[in-house]
Amino acid sequence: MNILAVDTSGNACSVAVLSDEKIICEIFADYKKTHSETLAPMTDDCLSRAGMEIKNIDLFCCAVGPGSFTGLRIGTSMIKAFSHVSKKPAIGVNTLDALAENVKGTREYICPVIDARRGDVYTATYKDGSKITDYRAVPLDIVLEEQSGKDTIFLGDAAVIFKDKIIKASDSFRIARSGSIMQRAGSVGLAAYSLYQNNEYKNAYTLEPFYLRETQAERVYAQKNKRV
């Protein structure tokens, strides 16, 4: 099965082409250009390097969040379009699940943390290949308190931003290495393949972003309605 995976959930943009569980090509870019500028040419380049065209892809997948609202819309829109035109299945992978895939196999607790601003993070905790908490948006301090004394590996953009704070919080904490600390399309593809094997796939009409928290527009709208 040929898989096209994209991750636009954070500042970095990545695209990968897989054959079942083998990553054939993966391109990662983290610079100032927006995802709307980089995603399409990166996808073309990745497919070309993998020796494929869109018509060769059997499964389309993307990170659906939590993460950047704008980035998620860009990634899901492209994958939905490919799925619709090709009539091939689509899978949305939770960004936290995909991050946990980066360090799958460790005996430690896995704690992906995505910056949600104002000291909050999007997070979940994983152990022995399973998610053991709900997806949450909570203060980082709460996460550090809950994991204190437990051998835990942190990854995600908040692990980069708050690296010193995390390391100082407990001797049992460590930060993932640079090659696995950020979102990667390759991990999205691997997670999507597992979901497909379990018949957990969707189509262009049912694939939607997972925001976990209201968008800014929704918060403003709700605030205005309270004043009426």
# chains A, B, ... in the order shown; residues from 1 in each chain; ligands from 1
>>> select_by_dssp(residues="stretch 123-211 of chain A", states="alpha helix (DSSP H)", output="PyMOL selection string")
chain A and resi 140-147+157-161+163-169+185-197
>>> atom_distance(atom1="atom CA of A:Phe162", atom2="atom CA of A:Leu144")
11.2 Å
>>> closest_residue(among="A:Pro66, A:Asp134, A:Ile3, A:Met182", to="A:Glu21", atoms="only C-alpha atoms")
A:Ile3
>>> atom_distance(atom1="atom CA of A:Val113", atom2="atom CA of A:Ala158")
5.4 Å
>>> residues_around(residues="A:Ala16", least_positions_apart="2", cutoff="7 Å", atoms="only C-alpha atoms", output="ChimeraX atom specification")
/A:4-6,14,18,25-27,46,185-186
>>> write_last_selection(atoms="N, CA, C and O atoms", output="short mmCIF file (atom, residue, chain, number, x, y, z; two decimals), in the first residue's frame")
data_model
loop_
_atom_site.label_atom_id
_atom_site.label_comp_id
_atom_site.auth_asym_id
_atom_site.auth_seq_id
_atom_site.Cartn_x
_atom_site.Cartn_y
_atom_site.Cartn_z
N LEU A 4 0.50 8.58 1.23
CA LEU A 4 0.98 9.96 1.27
C LEU A 4 0.55 10.56 2.59
O LEU A 4 -0.63 10.56 2.94
N ALA A 5 1.52 11.06 3.35
CA ALA A 5 1.25 11.63 4.67
C ALA A 5 1.77 13.06 4.75
O ALA A 5 2.86 13.35 4.23
N VAL A 6 1.02 13.93 5.40
CA VAL A 6 1.47 15.30 5.60
C VAL A 6 1.22 15.71 7.06
O VAL A 6 0.29 15.22 7.70
N SER A 14 5.93 18.94 6.99
CA SER A 14 6.60 17.74 6.50
C SER A 14 5.66 16.89 5.66
O SER A 14 4.45 16.89 5.86
N LEU A 18 5.13 6.56 1.92
CA LEU A 18 5.46 5.27 2.50
C LEU A 18 4.92 4.14 1.64
O LEU A 18 3.94 4.32 0.91
N CYS A 25 10.33 8.19 1.30
CA CYS A 25 10.87 9.54 1.22
C CYS A 25 10.16 10.42 2.24
O CYS A 25 8.94 10.30 2.42
N GLU A 26 10.91 11.26 2.91
CA GLU A 26 10.32 12.21 3.87
C GLU A 26 11.05 13.54 3.74
O GLU A 26 12.28 13.59 3.75
N ILE A 27 10.27 14.61 3.63
CA ILE A 27 10.84 15.95 3.51
C ILE A 27 10.31 16.80 4.67
O ILE A 27 9.10 16.83 4.93
N CYS A 46 8.39 15.26 -2.97
CA CYS A 46 8.45 13.99 -2.25
C CYS A 46 7.95 12.84 -3.13
O CYS A 46 8.57 11.76 -3.17
N ALA A 185 5.89 13.79 9.28
CA ALA A 185 4.89 13.14 8.42
C ALA A 185 5.09 11.63 8.37
O ALA A 185 4.13 10.87 8.22
N GLY A 186 6.34 11.19 8.47
CA GLY A 186 6.62 9.76 8.45
C GLY A 186 5.89 9.04 9.57
O GLY A 186 5.34 7.94 9.37
#
>>> closest_residue(among="A:Ile79, A:Ala100, A:Val188, A:Ile114", to="A:Gly129", atoms="only C-alpha atoms")
A:Ala100
>>> closest_residue(among="A:Asp30, A:Glu146, A:Glu101, A:Asp58", to="A:Ser170", atoms="only C-alpha atoms")
A:Glu146
>>> residues_around(residues="A:Ser178", least_positions_apart="4", cutoff="12 Å", atoms="only C-alpha atoms", output="PyMOL selection string")
chain A and resi 102-103+154-157+159-160+182-184
>>> write_last_selection(atoms="C-alpha atoms", output="compact mmCIF listing (two decimals), in the first residue's frame")
# COMPACT_ATOMS: atom_id res chain seq x y z
CA ASN A 102 8.44 9.10 17.01
CA VAL A 103 9.79 7.36 20.12
CA PHE A 154 9.04 14.74 26.51
CA LEU A 155 8.75 15.78 22.88
CA GLY A 156 6.89 18.34 20.77
CA ASP A 157 7.42 22.06 20.28
CA ALA A 159 9.47 20.46 24.91
CA VAL A 160 11.78 22.72 22.89
CA MET A 182 9.14 17.51 16.39
CA GLN A 183 6.12 16.44 14.33
CA ARG A 184 7.03 14.22 11.35
>>> residues_around(residues="A:His35", least_positions_apart="4", cutoff="10 Å", atoms="only C-alpha atoms", output="VMD selection string")
chain A and resid 7 to 14 29 to 31 39 to 40 42 70 to 72 74 to 75
>>> atom_distance(atom1="atom CA of A:His84", atom2="atom CA of A:Tyr135")
28.9 Å
>>> closest_residue(among="A:Thr152, A:Asn2, A:Gln147, A:Ser77", to="A:Asn203", atoms="only C-alpha atoms")
A:Ser77
>>> residues_around(residues="A:Lys87", least_positions_apart="4", cutoff="12 Å", atoms="only C-alpha atoms", output="PyMOL selection string")
chain A and resi 54-55+57-60+79-83+202-205
>>> closest_residue(among="A:Lys88, A:Ser19, A:Thr125, A:Leu47", to="A:Tyr201", atoms="only C-alpha atoms")
A:Lys88
>>> residues_around(residues="stretch 126-128 of chain A", least_positions_apart="2", cutoff="7 Å", atoms="only C-alpha atoms", output="JSON, numbers by chain")
{"A": [107, 108, 109, 110, 111, 124, 130, 131, 132]}
>>> write_last_selection(atoms="C-alpha atoms", output="PDB file, in the first residue's frame")
ATOM      1  CA  ARG A 107      10.026   1.758  28.265  1.00  0.00           C
ATOM      2  CA  GLU A 108       9.562   5.297  29.575  1.00  0.00           C
ATOM      3  CA  TYR A 109       6.333   7.216  29.777  1.00  0.00           C
ATOM      4  CA  ILE A 110       5.938   9.218  26.564  1.00  0.00           C
ATOM      5  CA  CYS A 111       4.618  12.735  27.001  1.00  0.00           C
ATOM      6  CA  ALA A 124      -1.597  13.059  26.446  1.00  0.00           C
ATOM      7  CA  SER A 130      -1.003   2.681  24.687  1.00  0.00           C
ATOM      8  CA  LYS A 131      -2.500   6.082  25.470  1.00  0.00           C
ATOM      9  CA  ILE A 132      -3.219   6.162  29.208  1.00  0.00           C
TER      10      ILE A 132
END
>>> select_by_dssp(residues="stretch 3-82 of chain A", states="strand (DSSP E)", output="ChimeraX atom specification")
/A:3-7,13-19,22-29,59-65
>>> closest_residue(among="A:Asn198, A:Tyr211, A:Ser148, A:Ala98", to="A:Ala116", atoms="only C-alpha atoms")
A:Tyr211
>>> decode(residues="stretch 167-184 of chain A", atoms="N, CA and C atoms", output="compact mmCIF listing (two decimals), in the first residue's frame")
# COMPACT_ATOMS: atom_id res chain seq x y z
N ILE A 167 13.50 19.85 32.36
CA ILE A 167 14.66 19.13 32.89
C ILE A 167 14.86 19.42 34.37
N LYS A 168 14.62 20.67 34.77
CA LYS A 168 14.81 21.05 36.18
C LYS A 168 13.71 20.48 37.08
N ALA A 169 12.56 20.14 36.48
CA ALA A 169 11.42 19.71 37.28
C ALA A 169 11.62 18.34 37.93
N SER A 170 12.41 17.46 37.30
CA SER A 170 12.62 16.12 37.85
C SER A 170 13.82 15.46 37.20
N ASP A 171 14.59 14.74 38.01
CA ASP A 171 15.75 14.00 37.49
C ASP A 171 15.32 12.86 36.58
N SER A 172 14.06 12.47 36.63
CA SER A 172 13.56 11.36 35.83
C SER A 172 13.05 11.79 34.46
N PHE A 173 13.14 13.10 34.17
CA PHE A 173 12.67 13.61 32.88
C PHE A 173 13.82 13.76 31.89
N ARG A 174 13.53 13.49 30.61
CA ARG A 174 14.49 13.79 29.57
C ARG A 174 13.75 14.29 28.34
N ILE A 175 14.49 14.98 27.47
CA ILE A 175 13.94 15.54 26.24
C ILE A 175 14.37 14.67 25.07
N ALA A 176 13.45 14.40 24.15
CA ALA A 176 13.77 13.59 22.97
C ALA A 176 14.86 14.26 22.14
N ARG A 177 15.60 13.47 21.40
CA ARG A 177 16.67 14.00 20.54
C ARG A 177 16.07 14.82 19.40
N SER A 178 16.90 15.65 18.80
CA SER A 178 16.41 16.58 17.78
C SER A 178 15.74 15.88 16.60
N GLY A 179 16.18 14.68 16.25
CA GLY A 179 15.60 13.98 15.12
C GLY A 179 14.20 13.45 15.36
N SER A 180 13.79 13.40 16.61
CA SER A 180 12.47 12.85 16.94
C SER A 180 11.62 13.76 17.79
N ILE A 181 12.09 14.96 18.06
CA ILE A 181 11.37 15.82 18.99
C ILE A 181 10.18 16.54 18.36
N MET A 182 10.19 16.74 17.05
CA MET A 182 9.14 17.51 16.39
C MET A 182 8.22 16.60 15.57
N GLN A 183 7.07 17.17 15.17
CA GLN A 183 6.12 16.44 14.33
C GLN A 183 6.78 16.01 13.02
N ARG A 184 6.47 14.77 12.59
CA ARG A 184 7.03 14.22 11.35
C ARG A 184 5.93 13.52 10.56
